[in-house]
$ cat structure-v3.cif   # mmCIF, C-alpha atoms and all ligand atoms
data_upload
loop_
_atom_site.label_atom_id
_atom_site.label_comp_id
_atom_site.auth_asym_id
_atom_site.auth_seq_id
_atom_site.Cartn_x
_atom_site.Cartn_y
_atom_site.Cartn_z
CA MET A 1 0.00 0.00 0.00
CA GLN A 2 1.23 3.47 -0.78
CA CYS A 3 1.09 6.20 1.83
CA LEU A 4 -1.88 8.55 2.16
CA SER A 5 -0.07 11.60 0.90
CA GLY A 6 -2.37 13.20 -1.63
CA LYS A 7 -5.27 10.82 -1.10
CA ALA A 8 -8.19 13.10 -0.53
CA GLU A 9 -10.82 14.26 -2.98
CA VAL A 10 -14.51 15.08 -3.35
CA SER A 11 -16.45 12.83 -5.70
CA GLU A 12 -18.99 13.95 -8.30
CA ARG A 13 -21.71 12.82 -5.88
CA GLY A 14 -20.34 14.81 -2.95
CA ALA A 15 -18.52 12.05 -1.05
CA VAL A 16 -15.37 13.34 0.63
CA LEU A 17 -12.93 10.48 0.05
CA LEU A 18 -10.08 10.16 2.55
CA GLY A 19 -7.29 7.60 2.17
CA ASP A 20 -8.31 4.22 0.76
CA SER A 21 -11.24 3.29 2.97
CA VAL A 22 -13.29 6.32 4.01
CA ALA A 23 -16.14 8.19 2.32
CA CYS A 24 -17.67 11.09 4.25
CA ASP A 25 -21.12 12.65 3.89
CA ALA A 26 -22.31 10.82 0.73
CA PHE A 27 -22.51 7.26 -0.57
CA ASP A 28 -19.50 5.75 -2.32
CA ALA A 29 -19.67 2.19 -3.63
CA ASP A 30 -15.96 1.40 -3.21
CA ARG A 31 -15.28 2.60 0.32
CA PRO A 32 -16.03 0.22 3.25
CA LEU A 33 -16.32 3.02 5.83
CA ARG A 34 -18.88 5.84 5.70
CA VAL A 35 -18.60 8.79 8.06
CA VAL A 36 -21.51 11.15 8.79
CA THR A 37 -20.00 14.42 10.05
CA HIS A 38 -23.32 15.84 11.28
CA ALA A 39 -27.08 15.59 10.93
CA HIS A 40 -27.76 18.30 8.31
CA GLY A 41 -29.46 16.96 5.19
CA ASP A 42 -26.72 17.92 2.72
CA HIS A 43 -24.34 15.61 4.62
CA LEU A 44 -26.66 12.58 4.68
CA GLY A 45 -26.56 11.79 0.94
CA GLY A 46 -27.17 8.11 0.19
CA LEU A 47 -27.08 7.18 3.88
CA ARG A 48 -29.82 4.57 3.42
CA ARG A 49 -27.76 3.02 0.65
CA SER A 50 -24.61 3.05 2.78
CA LEU A 51 -26.49 1.26 5.57
CA ARG A 52 -28.13 -1.27 3.25
CA SER A 53 -24.94 -2.09 1.38
CA GLY A 54 -23.13 -3.14 4.53
CA LYS A 55 -20.82 -0.17 5.05
CA LEU A 56 -19.66 0.48 8.58
CA VAL A 57 -21.17 3.91 9.25
CA LEU A 58 -19.34 6.08 11.80
CA MET A 59 -20.84 9.07 13.61
CA THR A 60 -21.12 10.56 17.09
CA SER A 61 -23.98 9.39 19.31
CA ALA A 62 -25.50 12.88 19.21
CA THR A 63 -25.53 12.81 15.39
CA ARG A 64 -27.19 9.38 15.44
CA ASP A 65 -29.84 10.60 17.87
CA LEU A 66 -30.53 13.72 15.77
CA ILE A 67 -30.81 11.68 12.56
CA ARG A 68 -33.36 9.43 14.28
CA VAL A 69 -35.56 12.52 14.68
CA VAL A 70 -35.01 14.21 11.32
CA ASN A 71 -35.15 10.97 9.32
CA GLY A 72 -36.81 8.31 11.44
CA SER A 73 -37.10 5.75 8.64
CA LEU A 74 -33.36 5.13 8.30
CA PRO A 75 -32.26 1.69 9.60
CA LEU A 76 -29.80 3.03 12.19
CA ASP A 77 -30.25 0.13 14.61
CA ASP A 78 -29.49 -2.83 12.35
CA GLY A 79 -25.83 -3.04 13.37
CA GLY A 80 -24.36 -0.88 10.61
CA VAL A 81 -23.73 2.19 12.77
CA LYS A 82 -20.74 2.51 15.07
CA VAL A 83 -20.85 5.55 17.33
CA LEU A 84 -17.55 7.20 18.19
CA ASP A 85 -16.67 9.71 20.87
CA TYR A 86 -14.52 12.66 19.86
CA GLY A 87 -10.92 11.45 19.87
CA GLU A 88 -11.86 7.78 19.62
CA THR A 89 -10.25 5.84 16.75
CA VAL A 90 -11.43 3.04 14.45
CA GLU A 91 -8.87 1.00 12.54
CA HIS A 92 -9.41 -0.45 9.08
CA GLY A 93 -6.49 -2.17 7.40
CA ASP A 94 -3.56 0.21 7.65
CA GLU A 95 -5.76 3.24 8.30
CA ARG A 96 -7.01 4.87 11.49
CA VAL A 97 -10.10 7.08 11.51
CA THR A 98 -10.69 9.63 14.28
CA LEU A 99 -13.51 12.13 14.81
CA VAL A 100 -12.56 15.56 16.21
CA LYS A 101 -15.10 18.06 17.54
CA ALA A 102 -16.34 20.75 15.16
CA ASP A 103 -18.27 23.79 16.38
CA HIS A 104 -21.38 23.67 14.17
CA ILE A 105 -24.46 21.84 15.46
CA LEU A 106 -24.64 19.30 18.25
CA GLY A 107 -22.59 16.20 17.43
CA ALA A 108 -20.66 17.73 14.50
CA ALA A 109 -17.23 16.27 13.80
CA GLN A 110 -14.15 16.73 11.69
CA VAL A 111 -12.61 13.53 10.29
CA VAL A 112 -8.91 12.55 10.38
CA VAL A 113 -7.53 9.51 8.52
CA GLU A 114 -3.93 8.42 9.19
CA ASP A 115 -1.97 5.52 7.75
CA ALA A 116 0.92 3.40 9.00
CA TYR A 117 3.41 5.47 7.01
CA GLY A 118 2.72 8.80 8.68
CA GLY A 119 0.28 10.00 6.05
CA ARG A 120 -2.54 12.18 7.35
CA VAL A 121 -5.56 13.58 5.53
CA ALA A 122 -8.62 15.27 7.02
CA TYR A 123 -12.00 16.84 6.33
CA THR A 124 -13.46 19.71 8.35
CA GLY A 125 -17.17 19.06 7.77
CA ASP A 126 -19.13 22.25 8.52
CA PHE A 127 -17.62 24.41 11.27
CA ARG A 128 -17.15 27.77 12.97
CA VAL A 129 -13.52 28.64 13.38
CA ASP A 130 -13.54 29.89 16.96
CA GLY A 131 -14.68 26.69 18.66
CA THR A 132 -13.03 24.22 16.27
CA GLU A 133 -9.64 22.63 16.90
CA PRO A 134 -7.31 23.14 13.91
CA LEU A 135 -6.17 19.86 12.35
CA GLU A 136 -2.46 20.43 11.95
CA GLY A 137 0.09 18.44 9.98
CA CYS A 138 -2.17 17.23 7.18
CA ASP A 139 -0.90 16.21 3.77
CA VAL A 140 -4.30 17.18 2.40
CA LEU A 141 -7.06 19.06 4.21
CA VAL A 142 -10.57 19.09 2.71
CA VAL A 143 -12.37 22.30 3.75
CA GLU A 144 -16.03 23.25 3.54
CA ALA A 145 -16.65 26.31 1.36
CA THR A 146 -20.12 27.58 2.32
CA TYR A 147 -18.91 31.17 2.69
CA GLY A 148 -15.91 30.71 0.42
CA SER A 149 -16.09 34.05 -1.36
CA PRO A 150 -14.41 37.26 -0.06
CA SER A 151 -17.81 39.00 -0.20
CA PHE A 152 -19.02 36.74 2.63
CA LYS A 153 -17.49 38.55 5.59
CA ARG A 154 -19.27 39.42 8.80
CA ALA A 155 -17.29 42.24 10.35
CA PHE A 156 -19.98 43.27 12.84
CA LYS A 157 -18.99 45.34 15.82
CA VAL A 158 -21.91 44.12 17.94
CA ASP A 159 -22.36 40.74 19.60
CA VAL A 160 -25.12 39.06 17.57
CA ARG A 161 -26.16 36.93 20.55
CA GLU A 162 -26.68 39.96 22.80
CA LEU A 163 -28.60 41.69 20.05
CA LEU A 164 -30.84 38.63 19.62
CA VAL A 165 -31.61 38.51 23.35
CA SER A 166 -32.50 42.21 23.53
CA MET A 167 -34.67 41.95 20.40
CA VAL A 168 -36.61 39.02 21.84
CA GLU A 169 -37.00 40.64 25.27
CA LYS A 170 -38.32 43.86 23.74
CA ARG A 171 -40.78 42.12 21.44
CA LEU A 172 -42.09 39.79 24.14
CA ARG A 173 -43.81 42.84 25.65
CA GLN A 174 -46.19 42.72 22.68
CA GLY A 175 -46.80 38.98 22.88
CA THR A 176 -45.45 35.89 21.13
CA VAL A 177 -42.14 36.09 19.27
CA TYR A 178 -41.69 33.57 16.46
CA VAL A 179 -38.15 32.39 15.67
CA PHE A 180 -37.49 30.59 12.37
CA GLY A 181 -34.31 28.64 11.67
CA TYR A 182 -32.86 25.23 10.85
CA HIS A 183 -32.50 22.27 13.19
CA GLY A 184 -29.54 22.83 15.49
CA LYS A 185 -29.61 26.59 15.04
CA LEU A 186 -33.04 26.83 16.70
CA GLN A 187 -31.69 24.96 19.71
CA GLU A 188 -28.66 27.27 19.81
CA VAL A 189 -31.09 30.21 20.02
CA MET A 190 -32.96 28.48 22.87
CA GLN A 191 -29.65 27.99 24.67
CA ILE A 192 -28.70 31.65 24.18
CA LEU A 193 -32.08 32.90 25.44
CA HIS A 194 -32.16 30.49 28.38
CA GLY A 195 -28.59 31.44 29.29
CA ALA A 196 -29.66 35.11 29.30
CA ASP A 197 -32.55 34.33 31.69
CA VAL A 198 -35.34 34.76 29.16
CA SER A 199 -37.74 32.66 31.19
CA VAL A 200 -40.97 32.60 29.13
CA PRO A 201 -42.10 29.20 27.76
CA PHE A 202 -40.53 28.03 24.49
CA VAL A 203 -43.31 26.58 22.30
CA MET A 204 -42.63 24.36 19.27
CA PRO A 205 -44.06 21.67 16.98
CA GLU A 206 -43.22 18.04 17.60
CA ARG A 207 -40.13 17.62 15.42
CA VAL A 208 -38.43 20.76 16.79
CA PHE A 209 -39.39 19.53 20.28
CA ARG A 210 -37.83 16.11 19.69
CA VAL A 211 -34.62 17.63 18.28
CA SER A 212 -34.52 19.87 21.37
CA LYS A 213 -34.93 16.88 23.68
CA VAL A 214 -31.96 15.18 21.96
CA CYS A 215 -29.91 18.35 22.52
CA GLU A 216 -30.91 18.34 26.21
CA ALA A 217 -30.01 14.66 26.54
CA HIS A 218 -26.55 15.56 25.22
CA GLY A 219 -26.01 18.33 27.73
CA MET A 220 -27.52 21.51 26.26
CA ARG A 221 -29.69 23.59 28.63
CA LEU A 222 -32.65 24.98 26.72
CA GLY A 223 -35.28 26.19 29.21
CA CYS A 224 -38.97 25.41 29.56
CA LEU A 225 -40.15 23.58 26.42
CA ALA A 226 -43.82 23.13 25.43
CA LEU A 227 -45.48 21.49 22.45
CA SER A 228 -47.56 23.70 20.16
CA THR A 229 -49.94 20.76 19.67
CA GLU A 230 -50.80 20.46 23.37
CA LYS A 231 -53.24 22.60 25.29
CA ASP A 232 -50.84 24.91 27.17
CA GLY A 233 -48.67 25.65 24.18
CA ARG A 234 -51.61 26.09 21.83
CA GLU A 235 -53.26 28.60 24.16
CA LEU A 236 -50.10 30.69 24.40
CA LEU A 237 -49.93 30.92 20.61
CA ASP A 238 -53.68 31.35 20.00
CA GLU A 239 -53.87 34.24 22.47
CA ASN A 240 -50.55 35.81 21.40
CA LEU A 241 -49.23 35.61 24.97
CA PRO A 242 -45.55 36.20 25.83
CA CYS A 243 -43.64 33.11 24.76
CA VAL A 244 -41.07 32.28 22.09
CA ALA A 245 -42.32 29.98 19.30
CA PHE A 246 -39.61 28.03 17.48
CA TYR A 247 -40.36 26.77 13.98
CA HIS A 248 -38.29 25.29 11.19
CA MET A 249 -37.53 27.76 8.39
CA ASN A 250 -39.86 25.76 6.12
CA ALA A 251 -42.83 26.89 8.24
CA ARG A 252 -42.06 30.57 7.76
CA GLY A 253 -44.82 31.04 5.19
CA SER A 254 -47.52 29.34 7.24
CA VAL A 255 -47.28 30.25 10.95
CA GLY A 256 -47.08 33.41 13.05
CA LEU A 257 -48.28 35.58 10.18
CA VAL A 258 -50.85 37.68 12.03
CA GLY A 259 -49.86 40.25 14.61
CA SER A 260 -46.75 38.56 16.02
CA SER A 261 -43.08 39.53 15.90
CA ARG A 262 -40.95 37.28 13.73
CA ILE A 263 -37.20 36.68 13.72
CA CYS A 264 -35.33 34.57 11.17
CA VAL A 265 -31.87 33.40 12.17
CA SER A 266 -29.62 32.88 9.17
CA GLY A 267 -25.95 33.04 8.27
CA TRP A 268 -26.73 34.52 4.84
CA GLU A 269 -26.39 38.13 5.94
CA PHE A 270 -23.13 40.04 5.80
CA HIS A 271 -23.88 43.76 5.89
CA SER A 272 -25.71 44.14 9.14
CA PRO A 273 -26.19 41.97 12.25
CA CYS A 274 -29.91 42.65 12.04
CA ARG A 275 -32.09 43.73 9.13
CA GLN A 276 -35.82 44.32 8.80
CA ILE A 277 -37.28 42.03 6.12
CA GLY A 278 -41.00 42.47 6.70
CA GLU A 279 -43.53 44.58 8.59
CA ARG A 280 -42.90 42.71 11.85
CA GLU A 281 -40.05 40.53 10.72
CA HIS A 282 -36.27 40.79 11.17
CA LEU A 283 -33.35 38.70 10.03
CA VAL A 284 -30.59 38.17 12.60
CA ALA A 285 -27.18 37.10 11.27
CA LEU A 286 -26.49 34.15 13.55
CA SER A 287 -24.38 31.64 11.65
CA ASP A 288 -23.11 28.15 12.42
CA HIS A 289 -20.45 28.40 9.70
CA SER A 290 -17.18 30.33 9.48
CA ASP A 291 -17.39 33.37 7.27
CA PHE A 292 -14.75 33.86 4.55
CA ASP A 293 -12.16 35.29 6.95
CA GLY A 294 -12.80 32.40 9.34
CA LEU A 295 -12.21 29.82 6.60
CA ILE A 296 -8.91 31.44 5.61
CA GLU A 297 -7.87 31.76 9.26
CA TYR A 298 -8.65 28.09 9.91
CA VAL A 299 -6.50 26.92 6.97
CA ARG A 300 -3.73 29.27 8.09
CA ARG A 301 -3.80 27.67 11.57
CA CYS A 302 -3.75 24.12 10.16
CA LYS A 303 -0.83 24.72 7.77
CA PRO A 304 -1.64 21.74 5.49
CA ARG A 305 0.59 20.85 2.55
CA ARG A 306 -2.39 20.95 0.20
CA VAL A 307 -6.05 21.91 0.39
CA VAL A 308 -9.14 20.59 -1.40
CA THR A 309 -12.22 22.80 -1.14
CA ASP A 310 -15.68 21.18 -1.16
CA ASN A 311 -17.23 22.49 -4.36
CA TYR A 312 -20.19 20.08 -4.21
CA ARG A 313 -22.41 21.49 -1.46
CA VAL A 314 -22.04 25.12 -2.54
CA ARG A 315 -20.34 26.55 -5.59
CA HIS A 316 -17.80 28.76 -3.83
CA GLY A 317 -15.07 26.12 -3.73
CA VAL A 318 -13.28 27.48 -6.80
CA THR A 319 -13.12 31.00 -5.33
CA LEU A 320 -11.99 29.74 -1.93
CA ALA A 321 -9.24 27.59 -3.49
CA ARG A 322 -7.99 30.59 -5.48
CA GLU A 323 -7.97 32.82 -2.37
CA ILE A 324 -6.12 30.18 -0.31
CA ARG A 325 -3.44 29.95 -3.01
CA LYS A 326 -3.18 33.73 -3.25
CA ARG A 327 -3.32 34.66 0.45
CA LEU A 328 -1.58 31.70 2.09
CA GLY A 329 0.66 30.35 -0.67
CA ILE A 330 -0.78 26.85 -0.12
CA TYR A 331 -1.68 24.74 -3.14
CA ALA A 332 -5.48 24.44 -3.22
CA VAL A 333 -7.94 22.96 -5.67
CA ALA A 334 -11.76 22.78 -5.77
CA MET A 335 -13.53 19.41 -6.18
CA PRO A 336 -15.59 18.36 -7.95
CA ARG A 337 -14.50 20.77 -10.64
ZN ZN B 1 -24.24 21.77 8.46
#
$ encode --input "structure-v3.cif" --output "structure tokens"
Amino acid sequence: MQCLSGKAEVSERGAVLLGDSVACDAFDADRPLRVVTHAHGDHLGGLRRSLRSGKLVLMTSATRDLIRVVNGSLPLDDGGVKVLDYGETVEHGDERVTLVKADHILGAAQVVVEDAYGGRVAYTGDFRVDGTEPLEGCDVLVVEATYGSPSFKRAFKVDVRELLVSMVEKRLRQGTVYVFGYHGKLQEVMQILHGADVSVPFVMPERVFRVSKVCEAHGMRLGCLALSTEKDGRELLDENLPCVAFYHMNARGSVGLVGSSRICVSGWEFHSPCRQIGEREHLVALSDHSDFDGLIEYVRRCKPRRVVTDNYRVRHGVTLAREIRKRLGIYAVAMPR
């Protein structure tokens, strides 16, 4: 077997291939190990196929528990899944696979594959730079590229979390505040509000509730949670009483439309930490990804010999690779091209 040096790429179907044996975040027919870095849908590609075709599927226990809620029909309990703690290693042939914490949503991991010859390749998955350990000494580092263009910079002077808390507190005086976001982000908002002593009930539909319960089971403190389908929660919403209602972004067009304050939390905002987008609706720039400067800073900290940018999930990989070459002098290429 040759050493790992140079063995990392992103397939046409979005699988991040590390070494000889590992495919991350999408199905690959030839790789015996499948890693799921976290529970967001664009990282679960072909997971049913991976499970059915006898791959050993590696993920953290929190990611497994979240996937059970967001996609309950997947056969996660038929013996194909091996849960790993951060720092724990699985060996396959000459290769060792280790998951390292990534600051993104609950359970998110980076992936490191090392071989017996000192080769080391890695994939960041999705991450925020500040809470994510840099993976140093890699021959090839595969980096996410969500905000991979220099126009995606958030140079806000204010603390977005503090701004979110004060917005919610102010609007609660008029009644219910609706918060729209994606799974994981909604629970981060609950944690922020609870940590700031916003003590009104948090009301939510069943799936958001179940995701929140998984987050609590894995150590997050979220406050007083109520189901929108049960009497107490329904009354709070029907009578526009002071509470915070948490809904998935997909429900934005169908709930909380009459008379209530609405807040969307999204990373896709770069000019202002908070912007009015409707009569009673604001967008708050709370992101669970690094912005462009964060991506560059992370690669600078890791000092890899080469970089591959993930050009499958968003199309900013080409720009990010060019900027890494230009700013850091590190060879970088986008895949798939
Ligand atoms: Zn994600």
$ atom_distance --input "structure-v3.cif" --atom1 "atom CA of A:Ile324" --atom2 "atom CA of A:Thr124"
15.4 Å
$ closest_atom_pairs --input "structure-v3.cif" --of "chain A" --to "ligand ZN 1 (chain B)" --cutoff "10 Å" --atoms "all atoms listed in the file" --output "CSV"
residue,atom,partner,partner_atom,distance
A:Thr37,CA,B:ZN1,ZN,8.6
A:His38,CA,B:ZN1,ZN,6.6
A:Ala39,CA,B:ZN1,ZN,7.2
A:His40,CA,B:ZN1,ZN,4.9
A:Gly41,CA,B:ZN1,ZN,7.8
A:Asp42,CA,B:ZN1,ZN,7.3
A:His43,CA,B:ZN1,ZN,7.3
A:His104,CA,B:ZN1,ZN,6.7
A:Ile105,CA,B:ZN1,ZN,7.0
A:Ala108,CA,B:ZN1,ZN,8.1
A:Gly125,CA,B:ZN1,ZN,7.6
A:Asp126,CA,B:ZN1,ZN,5.1
A:Phe127,CA,B:ZN1,ZN,7.7
A:Glu144,CA,B:ZN1,ZN,9.7
A:Thr146,CA,B:ZN1,ZN,9.4
A:Tyr182,CA,B:ZN1,ZN,9.6
A:His183,CA,B:ZN1,ZN,9.5
A:Gly184,CA,B:ZN1,ZN,8.9
A:Lys185,CA,B:ZN1,ZN,9.8
A:Asp288,CA,B:ZN1,ZN,7.6
A:His289,CA,B:ZN1,ZN,7.7
$ atom_distance --input "structure-v3.cif" --atom1 "atom CA of A:Asp232" --atom2 "atom CA of A:Val200"
12.7 Å
$ closest_residue --input "structure-v3.cif" --among "A:Glu216, A:Glu206, A:Glu95, A:Glu323" --to "A:Gly119" --atoms "all atoms listed in the file"
A:Glu95
$ closest_atom_pairs --input "structure-v3.cif" --of "stretch 80-155 of chain A" --to "stretch 51-65 of chain A" --cutoff "12 Å" --atoms "only C-alpha atoms" --output "CSV"
residue,atom,partner,partner_atom,distance
A:Gly80,CA,A:Leu56,CA,5.3
A:Val81,CA,A:Val57,CA,4.7
A:Lys82,CA,A:Leu58,CA,5.0
A:Val83,CA,A:Thr60,CA,5.0
A:Leu84,CA,A:Thr60,CA,5.0
A:Asp85,CA,A:Thr60,CA,5.9
A:Tyr86,CA,A:Thr60,CA,7.5
A:Gly87,CA,A:Thr60,CA,10.6
A:Glu88,CA,A:Thr60,CA,10.0
A:Thr89,CA,A:Leu58,CA,10.4
A:Val90,CA,A:Leu58,CA,8.9
A:Glu91,CA,A:Leu56,CA,11.5
A:His92,CA,A:Leu56,CA,10.3
A:Val97,CA,A:Leu58,CA,9.3
A:Thr98,CA,A:Leu58,CA,9.7
A:Leu99,CA,A:Met59,CA,8.0
A:Val100,CA,A:Thr60,CA,10.0
A:Lys101,CA,A:Thr60,CA,9.6
A:Ala102,CA,A:Thr60,CA,11.4
A:His104,CA,A:Thr63,CA,11.7
A:Ile105,CA,A:Thr63,CA,9.1
A:Leu106,CA,A:Ala62,CA,6.5
A:Gly107,CA,A:Ala62,CA,4.8
A:Ala108,CA,A:Thr63,CA,7.0
A:Ala109,CA,A:Thr60,CA,7.7
A:Gln110,CA,A:Met59,CA,10.3
A:Val111,CA,A:Met59,CA,9.9
$ residues_around --input "structure-v3.cif" --residues "A:Gly181" --least-positions-apart "3" --cutoff "12 Å" --atoms "only C-alpha atoms" --output "number ranges by chain"
A: 178, 184-190, 208, 245-252, 262-268, 283-288
$ atom_distance --input "structure-v3.cif" --atom1 "atom CA of A:Ser50" --atom2 "atom CA of A:Glu12"
16.5 Å
$ closest_residue --input "structure-v3.cif" --among "A:Gly233, A:Gly329, A:Gly175, A:Pro336" --to "A:Ser261" --atoms "only C-alpha atoms"
A:Gly175
$ axis_aligned_box --input "structure-v3.cif" --around "stretch 32-45 of chain A" --padding-each-side "8 Å" --output "lines of an AutoDock Vina configuration file"
center_x = -22.7
center_y = 9.3
center_z = 6.1
size_x = 29.4
size_y = 34.1
size_z = 26.3
$ closest_residue --input "structure-v3.cif" --among "A:Gly195, A:Pro273, A:Cys243, A:Phe202" --to "A:Val158" --atoms "only C-alpha atoms"
A:Pro273
$ closest_residue --input "structure-v3.cif" --among "A:Arg210, A:Arg305, A:Arg221, A:Arg171" --to "A:Val244" --atoms "only C-alpha atoms"
A:Arg171
$ residues_near_point --input "structure-v3.cif" --point "(-9.9, 18.1, 4.6)" --cutoff "7 Å" --atoms "only C-alpha atoms" --output "PDB file with C-alpha atoms, in the frame of the given file"
ATOM      1  CA  VAL A 121      -5.560  13.580   5.530  1.00  0.00           C
ATOM      2  CA  ALA A 122      -8.620  15.270   7.020  1.00  0.00           C
ATOM      3  CA  TYR A 123     -12.000  16.840   6.330  1.00  0.00           C
ATOM      4  CA  THR A 124     -13.460  19.710   8.350  1.00  0.00           C
ATOM      5  CA  VAL A 140      -4.300  17.180   2.400  1.00  0.00           C
ATOM      6  CA  LEU A 141      -7.060  19.060   4.210  1.00  0.00           C
ATOM      7  CA  VAL A 142     -10.570  19.090   2.710  1.00  0.00           C
ATOM      8  CA  VAL A 143     -12.370  22.300   3.750  1.00  0.00           C
ATOM      9  CA  VAL A 307      -6.050  21.910   0.390  1.00  0.00           C
ATOM     10  CA  VAL A 308      -9.140  20.590  -1.400  1.00  0.00           C
TER      11      VAL A 308
END
$ closest_residue --input "structure-v3.cif" --among "A:Glu235, A:Asp159, A:Asp130, A:Asp310" --to "A:Asp291" --atoms "only C-alpha atoms"
A:Asp130
$ closest_residue --input "structure-v3.cif" --among "A:Gly223, A:Gly131, A:Gly317, A:Gly14" --to "A:Ser290" --atoms "all atoms listed in the file"
A:Gly131
$ residues_around --input "structure-v3.cif" --residues "A:Ser260" --least-positions-apart "5" --cutoff "8 Å" --atoms "all atoms listed in the file" --output "ChimeraX atom specification"
/A:174-178,240,280
